[in-house]
file data-v2.csv (CSV, C-alpha atoms)
chain,number,residue,atom,x,y,z
A,1,MET,CA,-12.3,-27.2,25.2
A,2,ARG,CA,-9.7,-25.1,23.6
A,3,LYS,CA,-6.9,-27.5,24.7
A,4,ILE,CA,-8.8,-30.5,23.4
A,5,SER,CA,-9.2,-28.9,20.0
A,6,LEU,CA,-5.6,-27.8,19.9
A,7,LEU,CA,-4.5,-31.4,20.8
A,8,ALA,CA,-6.8,-32.8,18.1
A,9,LEU,CA,-5.3,-30.4,15.6
A,10,VAL,CA,-1.7,-31.4,16.5
A,11,LEU,CA,-2.6,-35.1,16.4
A,12,PHE,CA,-4.2,-34.7,13.0
A,13,GLY,CA,-1.3,-32.7,11.7
A,14,ALA,CA,1.1,-35.4,12.9
A,15,LEU,CA,-1.1,-38.0,11.2
A,16,LEU,CA,-1.0,-36.1,7.9
A,17,LEU,CA,2.8,-35.7,8.1
A,18,TYR,CA,3.1,-39.4,8.8
A,19,ALA,CA,0.9,-40.2,5.8
A,20,SER,CA,2.8,-37.9,3.5
A,21,SER,CA,6.0,-39.9,4.1
A,22,GLY,CA,4.4,-42.7,2.2
A,23,LEU,CA,3.6,-40.7,-1.0
A,24,PRO,CA,5.8,-41.2,-4.1
A,25,GLY,CA,8.3,-38.5,-4.8
A,26,HIS,CA,7.5,-35.6,-7.0
A,27,GLY,CA,8.0,-36.7,-10.6
A,28,ASP,CA,8.9,-40.3,-9.6
A,29,PRO,CA,8.5,-42.4,-12.8
A,30,GLU,CA,7.6,-45.4,-10.7
A,31,GLY,CA,4.8,-43.6,-8.9
A,32,PRO,CA,1.3,-45.1,-9.2
A,33,SER,CA,0.0,-42.2,-11.4
A,34,HIS,CA,2.8,-42.6,-13.9
A,35,ARG,CA,2.6,-46.3,-14.5
A,36,GLU,CA,0.9,-47.9,-17.4
A,37,ARG,CA,-1.4,-49.8,-15.0
A,38,SER,CA,-2.7,-48.8,-11.7
A,39,PRO,CA,-2.1,-51.0,-8.6
A,40,ALA,CA,-5.6,-52.4,-9.2
A,41,GLY,CA,-4.7,-53.4,-12.7
A,42,SER,CA,-6.7,-50.9,-14.7
A,43,PRO,CA,-5.1,-48.7,-17.3
A,44,VAL,CA,-3.9,-45.2,-16.1
A,45,ALA,CA,-5.3,-42.2,-18.1
A,46,ALA,CA,-2.1,-40.2,-17.7
A,47,ALA,CA,0.0,-42.6,-19.8
A,48,HIS,CA,-2.6,-42.3,-22.6
A,49,TYR,CA,-2.5,-38.5,-22.4
A,50,ILE,CA,1.3,-38.3,-22.4
A,51,ARG,CA,1.5,-40.6,-25.4
A,52,HIS,CA,-1.2,-39.2,-27.6
A,53,ALA,CA,-1.7,-35.6,-26.6
A,54,GLU,CA,0.6,-34.0,-29.2
A,55,GLY,CA,-0.6,-36.3,-32.0
A,56,ASP,CA,-4.3,-35.8,-31.2
A,57,ALA,CA,-4.3,-32.0,-31.0
A,58,ALA,CA,-1.1,-30.8,-32.7
A,59,SER,CA,-0.1,-28.9,-29.6
A,60,PRO,CA,2.9,-29.7,-27.3
A,61,ASN,CA,1.2,-28.5,-24.1
A,62,ILE,CA,-0.3,-31.6,-22.6
A,63,VAL,CA,-2.1,-29.6,-19.9
A,64,THR,CA,-4.0,-27.5,-22.5
A,65,VAL,CA,-5.0,-30.6,-24.5
A,66,VAL,CA,-6.3,-32.3,-21.3
A,67,LEU,CA,-8.1,-29.2,-20.1
A,68,ALA,CA,-9.7,-28.2,-23.3
A,69,ASP,CA,-10.0,-31.3,-25.4
A,70,TYR,CA,-10.0,-34.6,-23.4
A,71,ARG,CA,-11.9,-32.9,-20.6
A,72,GLY,CA,-13.5,-30.0,-22.5
A,73,PHE,CA,-16.9,-30.8,-21.0
A,74,ASP,CA,-15.4,-30.2,-17.5
A,75,THR,CA,-14.0,-26.9,-18.6
A,76,LEU,CA,-17.4,-25.9,-19.9
A,77,GLY,CA,-18.8,-26.6,-16.5
A,78,GLU,CA,-16.0,-24.4,-14.9
A,79,THR,CA,-16.9,-21.5,-17.3
A,80,ILE,CA,-20.6,-21.8,-16.4
A,81,VAL,CA,-19.6,-21.7,-12.7
A,82,VAL,CA,-17.7,-18.5,-13.3
A,83,LEU,CA,-20.6,-17.0,-15.2
A,84,THR,CA,-23.1,-18.1,-12.5
A,85,ALA,CA,-21.0,-16.3,-9.9
A,86,GLY,CA,-21.1,-13.1,-12.0
A,87,LEU,CA,-24.8,-13.4,-12.5
A,88,VAL,CA,-25.5,-14.0,-8.8
A,89,CYS,CA,-23.4,-10.9,-7.9
A,90,TYR,CA,-25.4,-8.9,-10.4
A,91,LEU,CA,-28.7,-10.1,-9.0
A,92,ILE,CA,-27.7,-9.4,-5.4
A,93,LEU,CA,-25.7,-6.3,-5.6
A,94,ARG,CA,-27.1,-4.2,-8.4
A,95,ARG,CA,-29.9,-1.8,-7.3
A,96,SER,CA,-33.0,-2.1,-9.3
A,97,PRO,CA,-33.5,1.0,-11.6
B,1,MET,CA,-13.1,10.7,-4.9
B,2,THR,CA,-13.2,13.1,-7.7
B,3,SER,CA,-10.9,12.8,-10.7
B,4,SER,CA,-9.2,16.1,-9.9
B,5,SER,CA,-7.8,14.7,-6.6
B,6,ARG,CA,-6.2,11.7,-8.4
B,7,ASN,CA,-2.5,11.2,-8.4
B,8,PRO,CA,-1.0,12.0,-11.9
B,9,ILE,CA,1.8,9.6,-11.4
B,10,LEU,CA,-0.7,6.7,-10.9
B,11,ILE,CA,-2.8,7.8,-13.8
B,12,THR,CA,0.2,8.0,-16.2
B,13,ALA,CA,1.8,4.8,-15.0
B,14,SER,CA,-1.4,2.8,-15.3
B,15,ARG,CA,-2.3,4.2,-18.7
B,16,LEU,CA,1.2,3.3,-19.9
B,17,LEU,CA,1.1,-0.2,-18.4
B,18,ALA,CA,-2.4,-1.2,-19.4
B,19,PRO,CA,-1.8,-1.9,-23.1
B,20,PHE,CA,1.2,-3.9,-22.4
B,21,ILE,CA,-0.6,-6.0,-19.8
B,22,GLN,CA,-3.4,-6.6,-22.4
B,23,LEU,CA,-0.9,-7.5,-25.1
B,24,PHE,CA,0.8,-10.0,-22.7
B,25,ALA,CA,-2.7,-11.4,-21.8
B,26,LEU,CA,-3.4,-12.0,-25.5
B,27,TYR,CA,-0.1,-13.7,-25.8
B,28,VAL,CA,-0.9,-15.9,-22.8
B,29,ILE,CA,-4.3,-16.8,-24.4
B,30,PHE,CA,-3.1,-17.5,-27.9
B,31,HIS,CA,0.2,-19.2,-26.9
B,32,GLY,CA,-1.6,-21.6,-24.5
B,33,HIS,CA,-1.0,-24.4,-27.0
B,34,PHE,CA,2.8,-24.1,-26.7
B,35,GLY,CA,3.6,-22.9,-23.2
B,36,PRO,CA,2.0,-22.2,-19.9
B,37,GLY,CA,-1.2,-20.2,-20.2
B,38,GLY,CA,-4.7,-20.5,-21.5
B,39,GLY,CA,-8.1,-18.9,-21.2
B,40,PHE,CA,-8.4,-18.6,-17.5
B,41,GLN,CA,-5.0,-17.0,-16.9
B,42,GLY,CA,-5.3,-14.7,-19.9
B,43,GLY,CA,-8.8,-13.6,-18.9
B,44,ALA,CA,-7.7,-12.9,-15.4
B,45,MET,CA,-4.8,-10.7,-16.8
B,46,LEU,CA,-7.2,-8.8,-19.1
B,47,ALA,CA,-9.5,-8.2,-16.1
B,48,ALA,CA,-6.5,-7.0,-14.0
B,49,SER,CA,-5.6,-4.4,-16.7
B,50,ILE,CA,-9.2,-3.1,-16.7
B,51,LEU,CA,-9.5,-3.1,-12.9
B,52,MET,CA,-6.2,-1.2,-12.7
B,53,LEU,CA,-7.7,1.5,-14.9
B,54,ARG,CA,-10.9,1.5,-12.9
B,55,LEU,CA,-8.9,2.1,-9.7
B,56,SER,CA,-6.5,4.7,-11.0
B,57,VAL,CA,-8.3,6.9,-13.6
B,58,GLY,CA,-11.8,6.3,-12.1
B,59,ALA,CA,-14.8,4.4,-13.2
B,60,GLU,CA,-16.1,7.1,-15.5
B,61,ARG,CA,-13.1,7.4,-17.8
B,62,SER,CA,-12.2,3.7,-17.6
B,63,GLU,CA,-15.6,3.0,-19.0
B,64,LEU,CA,-14.2,4.2,-22.4
B,65,LYS,CA,-12.3,0.9,-22.3
B,66,PHE,CA,-14.9,-1.4,-20.9
B,67,ARG,CA,-18.4,-0.2,-20.1
B,68,LYS,CA,-20.1,-1.2,-16.8
B,69,SER,CA,-23.1,-2.5,-18.7
B,70,TRP,CA,-20.9,-4.9,-20.8
B,71,GLY,CA,-19.9,-7.2,-18.0
B,72,THR,CA,-22.7,-9.6,-17.9
B,73,PRO,CA,-23.4,-9.7,-21.7
B,74,VAL,CA,-19.8,-10.3,-22.6
B,75,GLY,CA,-19.5,-13.0,-19.9
B,76,ALA,CA,-22.5,-14.7,-21.4
B,77,LEU,CA,-21.1,-14.4,-24.9
B,78,GLY,CA,-17.9,-16.1,-23.8
B,79,ALA,CA,-19.8,-19.1,-22.3
B,80,LEU,CA,-21.9,-19.1,-25.5
B,81,ILE,CA,-18.8,-19.3,-27.7
B,82,PHE,CA,-17.7,-22.3,-25.7
B,83,ALA,CA,-21.1,-24.1,-25.7
B,84,GLY,CA,-21.7,-23.0,-29.3
B,85,THR,CA,-18.5,-24.7,-30.4
B,86,GLY,CA,-19.7,-27.9,-28.8
B,87,LEU,CA,-23.2,-27.6,-30.3
B,88,LEU,CA,-21.7,-26.9,-33.7
B,89,THR,CA,-19.8,-30.2,-33.7
B,90,LEU,CA,-23.0,-31.9,-32.4
B,91,LEU,CA,-25.0,-30.5,-35.3
B,92,LEU,CA,-22.3,-31.5,-37.9
B,93,GLY,CA,-22.5,-35.1,-36.9
B,94,GLY,CA,-20.0,-35.5,-34.2
B,95,ARG,CA,-20.2,-35.7,-30.4
B,96,PHE,CA,-20.3,-32.7,-28.1
B,97,LEU,CA,-16.9,-30.8,-28.4
B,98,GLU,CA,-15.5,-33.3,-30.9
B,99,TYR,CA,-13.5,-30.7,-32.7
B,100,HIS,CA,-12.6,-32.5,-35.9
B,101,PHE,CA,-16.1,-32.0,-37.1
B,102,LEU,CA,-15.6,-28.2,-37.1
B,103,PRO,CA,-16.3,-26.7,-40.6
B,104,LEU,CA,-12.8,-25.4,-41.3
B,105,PRO,CA,-11.3,-26.3,-44.7
B,106,ASP,CA,-7.8,-27.7,-45.4
B,107,LEU,CA,-7.0,-28.7,-41.9
B,108,SER,CA,-5.9,-32.1,-40.6
B,109,ARG,CA,-7.7,-33.8,-37.8
B,110,ALA,CA,-5.1,-32.8,-35.2
B,111,GLU,CA,-5.1,-29.2,-36.5
B,112,LEU,CA,-8.9,-29.0,-36.2
B,113,HIS,CA,-8.6,-30.1,-32.6
B,114,SER,CA,-6.0,-27.3,-32.1
B,115,ALA,CA,-8.4,-24.8,-33.7
B,116,GLY,CA,-11.2,-26.0,-31.5
B,117,ILE,CA,-9.1,-25.6,-28.4
B,118,LEU,CA,-8.2,-22.1,-29.5
B,119,LEU,CA,-11.9,-21.2,-30.0
B,120,ILE,CA,-13.0,-22.4,-26.5
B,121,GLU,CA,-10.0,-20.7,-24.9
B,122,VAL,CA,-11.2,-17.4,-26.4
B,123,GLY,CA,-14.6,-18.1,-25.0
B,124,VAL,CA,-13.2,-18.9,-21.5
B,125,SER,CA,-11.0,-15.8,-21.5
B,126,LEU,CA,-13.9,-13.5,-22.5
B,127,ALA,CA,-16.1,-15.0,-19.8
B,128,VAL,CA,-13.5,-14.8,-17.0
B,129,MET,CA,-12.5,-11.2,-17.9
B,130,ALA,CA,-16.1,-9.9,-18.1
B,131,VAL,CA,-17.2,-11.7,-14.9
B,132,LEU,CA,-14.3,-10.4,-12.9
B,133,VAL,CA,-14.9,-6.8,-14.0
B,134,ALA,CA,-18.6,-7.2,-13.6
B,135,ILE,CA,-18.2,-8.4,-9.9
B,136,TYR,CA,-16.0,-5.4,-9.2
B,137,ASP,CA,-18.6,-3.0,-10.8
B,138,ASP,CA,-21.4,-4.7,-8.9
B,139,ILE,CA,-19.6,-4.2,-5.6
B,140,MET,CA,-18.8,-0.6,-6.4
B,141,GLU,CA,-22.3,0.1,-7.5
B,142,GLY,CA,-23.5,0.1,-3.9
B,143,THR,CA,-20.9,2.5,-2.6
B,144,GLY,CA,-22.3,5.3,-4.7
B,145,GLY,CA,-19.1,6.4,-6.5
B,146,ASP,CA,-16.1,5.3,-8.5

call {"tool": "encode", "arguments": {"input": "data-v2.csv", "output": "structure tokens"}}
result
Amino acid sequence: MRKISLLALVLFGALLLYASSGLPGHGDPEGPSHRERSPAGSPVAAAHYIRHAEGDAASPNIVTVVLADYRGFDTLGETIVVLTAGLVCYLILRRSP
Amino acid sequence: MTSSSRNPILITASRLLAPFIQLFALYVIFHGHFGPGGGFQGGAMLAASILMLRLSVGAERSELKFRKSWGTPVGALGALIFAGTGLLTLLLGGRFLEYHFLPLPDLSRAELHSAGILLIEVGVSLAVMAVLVAIYDDIMEGTGGD
């Protein structure tokens, strides 16, 4: 059993390595996520963010603008997740007075 | 561990370092528009400075900086600042988190968005800092000491 799982692990690793050779290079301007249109023909959000982020929110950090403005609702969810983790720790670990 | 058995080098070093860590954390939070940083990172650094004091000078004396009972309320306040900003824009006629409806005078649309981002980053940093410290305090609660 141990040998089978080891073999499966090696095969899966080899498959991932083979698949990663087909990815576009880091920062490649011709990569699918950096084009105006995706391979399916729909507009790519990244191009819009790069073009409009500074004008929309007067801050040169595109990451902050995407995180807190374009996707502010998502960040609100993240904050609620953090708060929920804290509340659950409080409920489980604090002894009742 | 009682405070008398604590290492004076650790106490002095952490008391010297803590204000600078907190200052840099504030820089990370408020400079998030212009460089790497933001609420999550700055909040984690604020929590790190408080936890460093908790570990070195002891829970009792580090409570002068941040009380054990503050953790959950301050975390909730941070989330409330975030959600409140969204609800404020909702009340003033915009959509949720549409920052250019914020009631700040003499600011252009883009600058209002910038101000809104700053508001929610402050909320995020408060929530992250308080929750990280609160989890540490909750865990140490069961061990019966500092």

call {"tool": "residues_around", "arguments": {"input": "data-v2.csv", "residues": "B:Leu126", "least_positions_apart": "3", "cutoff": "7 Å", "atoms": "only C-alpha atoms", "output": "list in words"}}
result
Gly43, Val74, Gly75, Gly78, Val122, Gly123, Met129 and Ala130 of chain B

call {"tool": "closest_atom_pairs", "arguments": {"input": "data-v2.csv", "of": "chain A", "to": "chain B", "cutoff": "8 Å", "atoms": "only C-alpha atoms", "output": "Markdown table"}}
result
| residue | atom | partner | partner_atom | distance |
| --- | --- | --- | --- | --- |
| A:Gly55 | CA | B:Ala110 | CA | 6.5 |
| A:Asp56 | CA | B:Ala110 | CA | 5.1 |
| A:Ala57 | CA | B:Ala110 | CA | 4.3 |
| A:Ala58 | CA | B:Ala110 | CA | 5.1 |
| A:Ser59 | CA | B:His33 | CA | 5.3 |
| A:Pro60 | CA | B:Phe34 | CA | 5.6 |
| A:Asn61 | CA | B:Phe34 | CA | 5.4 |
| A:Thr64 | CA | B:His33 | CA | 6.2 |
| A:Val65 | CA | B:Ile117 | CA | 7.6 |
| A:Ala68 | CA | B:Ile117 | CA | 5.8 |
| A:Asp69 | CA | B:Ile117 | CA | 6.5 |
| A:Gly72 | CA | B:Leu97 | CA | 6.9 |
| A:Phe73 | CA | B:Leu97 | CA | 7.4 |
| A:Leu76 | CA | B:Phe82 | CA | 6.8 |
| A:Thr79 | CA | B:Val124 | CA | 6.2 |
| A:Ile80 | CA | B:Ala79 | CA | 6.5 |
| A:Val82 | CA | B:Val128 | CA | 6.7 |
| A:Leu83 | CA | B:Gly75 | CA | 6.3 |
| A:Ala85 | CA | B:Val131 | CA | 7.8 |
| A:Gly86 | CA | B:Val131 | CA | 5.1 |
| A:Leu87 | CA | B:Thr72 | CA | 6.9 |
| A:Cys89 | CA | B:Ile135 | CA | 6.1 |
| A:Tyr90 | CA | B:Asp138 | CA | 6.0 |
| A:Leu93 | CA | B:Asp138 | CA | 5.7 |
| A:Arg94 | CA | B:Asp138 | CA | 5.7 |
| A:Arg95 | CA | B:Gly142 | CA | 7.5 |

call {"tool": "residues_around", "arguments": {"input": "data-v2.csv", "residues": "B:Ser14", "least_positions_apart": "5", "cutoff": "12 Å", "atoms": "all atoms listed in the file", "output": "mmCIF file with C-alpha atoms, keeping the file's coordinate frame"}}
result
data_model
loop_
_atom_site.group_PDB
_atom_site.id
_atom_site.type_symbol
_atom_site.label_atom_id
_atom_site.label_comp_id
_atom_site.auth_asym_id
_atom_site.auth_seq_id
_atom_site.Cartn_x
_atom_site.Cartn_y
_atom_site.Cartn_z
ATOM 1 C CA ASN B 7 -2.500 11.200 -8.400
ATOM 2 C CA PRO B 8 -1.000 12.000 -11.900
ATOM 3 C CA ILE B 9 1.800 9.600 -11.400
ATOM 4 C CA PRO B 19 -1.800 -1.900 -23.100
ATOM 5 C CA PHE B 20 1.200 -3.900 -22.400
ATOM 6 C CA ILE B 21 -0.600 -6.000 -19.800
ATOM 7 C CA GLN B 22 -3.400 -6.600 -22.400
ATOM 8 C CA ALA B 48 -6.500 -7.000 -14.000
ATOM 9 C CA SER B 49 -5.600 -4.400 -16.700
ATOM 10 C CA ILE B 50 -9.200 -3.100 -16.700
ATOM 11 C CA LEU B 51 -9.500 -3.100 -12.900
ATOM 12 C CA MET B 52 -6.200 -1.200 -12.700
ATOM 13 C CA LEU B 53 -7.700 1.500 -14.900
ATOM 14 C CA ARG B 54 -10.900 1.500 -12.900
ATOM 15 C CA LEU B 55 -8.900 2.100 -9.700
ATOM 16 C CA SER B 56 -6.500 4.700 -11.000
ATOM 17 C CA VAL B 57 -8.300 6.900 -13.600
ATOM 18 C CA GLY B 58 -11.800 6.300 -12.100
ATOM 19 C CA SER B 62 -12.200 3.700 -17.600
#

call {"tool": "atom_distance", "arguments": {"input": "data-v2.csv", "atom1": "atom CA of A:Val44", "atom2": "atom CA of A:Pro32"}}
result
8.6 Å

call {"tool": "atom_distance", "arguments": {"input": "data-v2.csv", "atom1": "atom CA of B:Leu102", "atom2": "atom CA of B:Thr85"}}
result
8.1 Å

call {"tool": "atom_distance", "arguments": {"input": "data-v2.csv", "atom1": "atom CA of B:Arg61", "atom2": "atom CA of B:Gly42"}}
result
23.5 Å

call {"tool": "residues_near_point", "arguments": {"input": "data-v2.csv", "point": "(0.0, -45.3, -8.7)", "cutoff": "12 Å", "atoms": "all atoms listed in the file", "output": "PyMOL selection string"}}
result
chain A and resi 23-25+27-47

call {"tool": "build_atoms", "arguments": {"input": "data-v2.csv", "residues": "stretch 16-27 of chain A", "atoms": "all heavy atoms", "output": "tab-separated table (two decimals), in the frame of the given file"}}
result
chain	number	residue	atom	x	y	z
A	16	LEU	N	-1.18	-36.48	9.27
A	16	LEU	CA	-1.00	-36.10	7.90
A	16	LEU	C	0.48	-36.15	7.49
A	16	LEU	O	0.84	-36.61	6.40
A	16	LEU	CB	-1.55	-34.70	7.63
A	16	LEU	CG	-3.06	-34.57	7.54
A	16	LEU	CD1	-3.44	-33.13	7.31
A	16	LEU	CD2	-3.60	-35.43	6.43
A	17	LEU	N	1.35	-35.65	8.39
A	17	LEU	CA	2.80	-35.70	8.10
A	17	LEU	C	3.26	-37.13	7.95
A	17	LEU	O	4.02	-37.46	7.04
A	17	LEU	CB	3.56	-34.99	9.22
A	17	LEU	CG	3.58	-33.47	9.14
A	17	LEU	CD1	4.32	-32.91	10.35
A	17	LEU	CD2	4.26	-33.02	7.86
A	18	TYR	N	2.76	-38.02	8.86
A	18	TYR	CA	3.10	-39.40	8.80
A	18	TYR	C	2.66	-40.02	7.45
A	18	TYR	O	3.40	-40.74	6.78
A	18	TYR	CB	2.55	-40.18	9.96
A	18	TYR	CG	2.69	-41.68	9.85
A	18	TYR	CD1	3.94	-42.30	9.97
A	18	TYR	CD2	1.58	-42.49	9.62
A	18	TYR	CE1	4.08	-43.66	9.85
A	18	TYR	CE2	1.72	-43.84	9.49
A	18	TYR	CZ	2.96	-44.43	9.61
A	18	TYR	OH	3.10	-45.78	9.47
A	19	ALA	N	1.42	-39.69	7.05
A	19	ALA	CA	0.90	-40.20	5.80
A	19	ALA	C	1.64	-39.73	4.61
A	19	ALA	O	1.85	-40.46	3.64
A	19	ALA	CB	-0.60	-39.89	5.70
A	20	SER	N	2.09	-38.46	4.65
A	20	SER	CA	2.80	-37.90	3.50
A	20	SER	C	4.13	-38.55	3.24
A	20	SER	O	4.66	-38.49	2.14
A	20	SER	CB	2.95	-36.39	3.66
A	20	SER	OG	3.91	-36.14	4.65
A	21	SER	N	4.68	-39.19	4.30
A	21	SER	CA	6.00	-39.90	4.10
A	21	SER	C	5.81	-41.07	3.18
A	21	SER	O	6.80	-41.57	2.64
A	21	SER	CB	6.57	-40.26	5.44
A	21	SER	OG	5.78	-41.27	6.02
A	22	GLY	N	4.57	-41.57	3.02
A	22	GLY	CA	4.40	-42.70	2.20
A	22	GLY	C	4.06	-42.39	0.72
A	22	GLY	O	3.92	-43.28	-0.11
A	23	LEU	N	3.93	-41.08	0.41
A	23	LEU	CA	3.60	-40.70	-1.00
A	23	LEU	C	4.83	-40.87	-1.86
A	23	LEU	O	5.97	-40.76	-1.40
A	23	LEU	CB	3.18	-39.22	-1.00
A	23	LEU	CG	1.83	-38.88	-0.38
A	23	LEU	CD1	1.66	-37.38	-0.34
A	23	LEU	CD2	0.72	-39.50	-1.18
A	24	PRO	N	4.62	-41.16	-3.15
A	24	PRO	CA	5.80	-41.20	-4.10
A	24	PRO	C	6.38	-39.84	-4.25
A	24	PRO	O	5.70	-38.82	-4.10
A	24	PRO	CB	5.14	-41.74	-5.36
A	24	PRO	CG	3.70	-41.40	-5.27
A	24	PRO	CD	3.35	-41.44	-3.82
A	25	GLY	N	7.65	-39.80	-4.59
A	25	GLY	CA	8.30	-38.50	-4.80
A	25	GLY	C	7.77	-37.76	-5.96
A	25	GLY	O	7.14	-38.32	-6.85
A	26	HIS	N	8.01	-36.44	-5.97
A	26	HIS	CA	7.50	-35.60	-7.00
A	26	HIS	C	8.19	-35.94	-8.35
A	26	HIS	O	9.40	-35.86	-8.47
A	26	HIS	CB	7.78	-34.13	-6.67
A	26	HIS	CG	7.12	-33.17	-7.58
A	26	HIS	ND1	5.76	-32.98	-7.62
A	26	HIS	CD2	7.63	-32.35	-8.52
A	26	HIS	CE1	5.47	-32.08	-8.52
A	26	HIS	NE2	6.58	-31.68	-9.09
A	27	GLY	N	7.39	-36.35	-9.35
A	27	GLY	CA	8.00	-36.70	-10.60
A	27	GLY	C	8.58	-38.10	-10.68
A	27	GLY	O	9.28	-38.43	-11.63
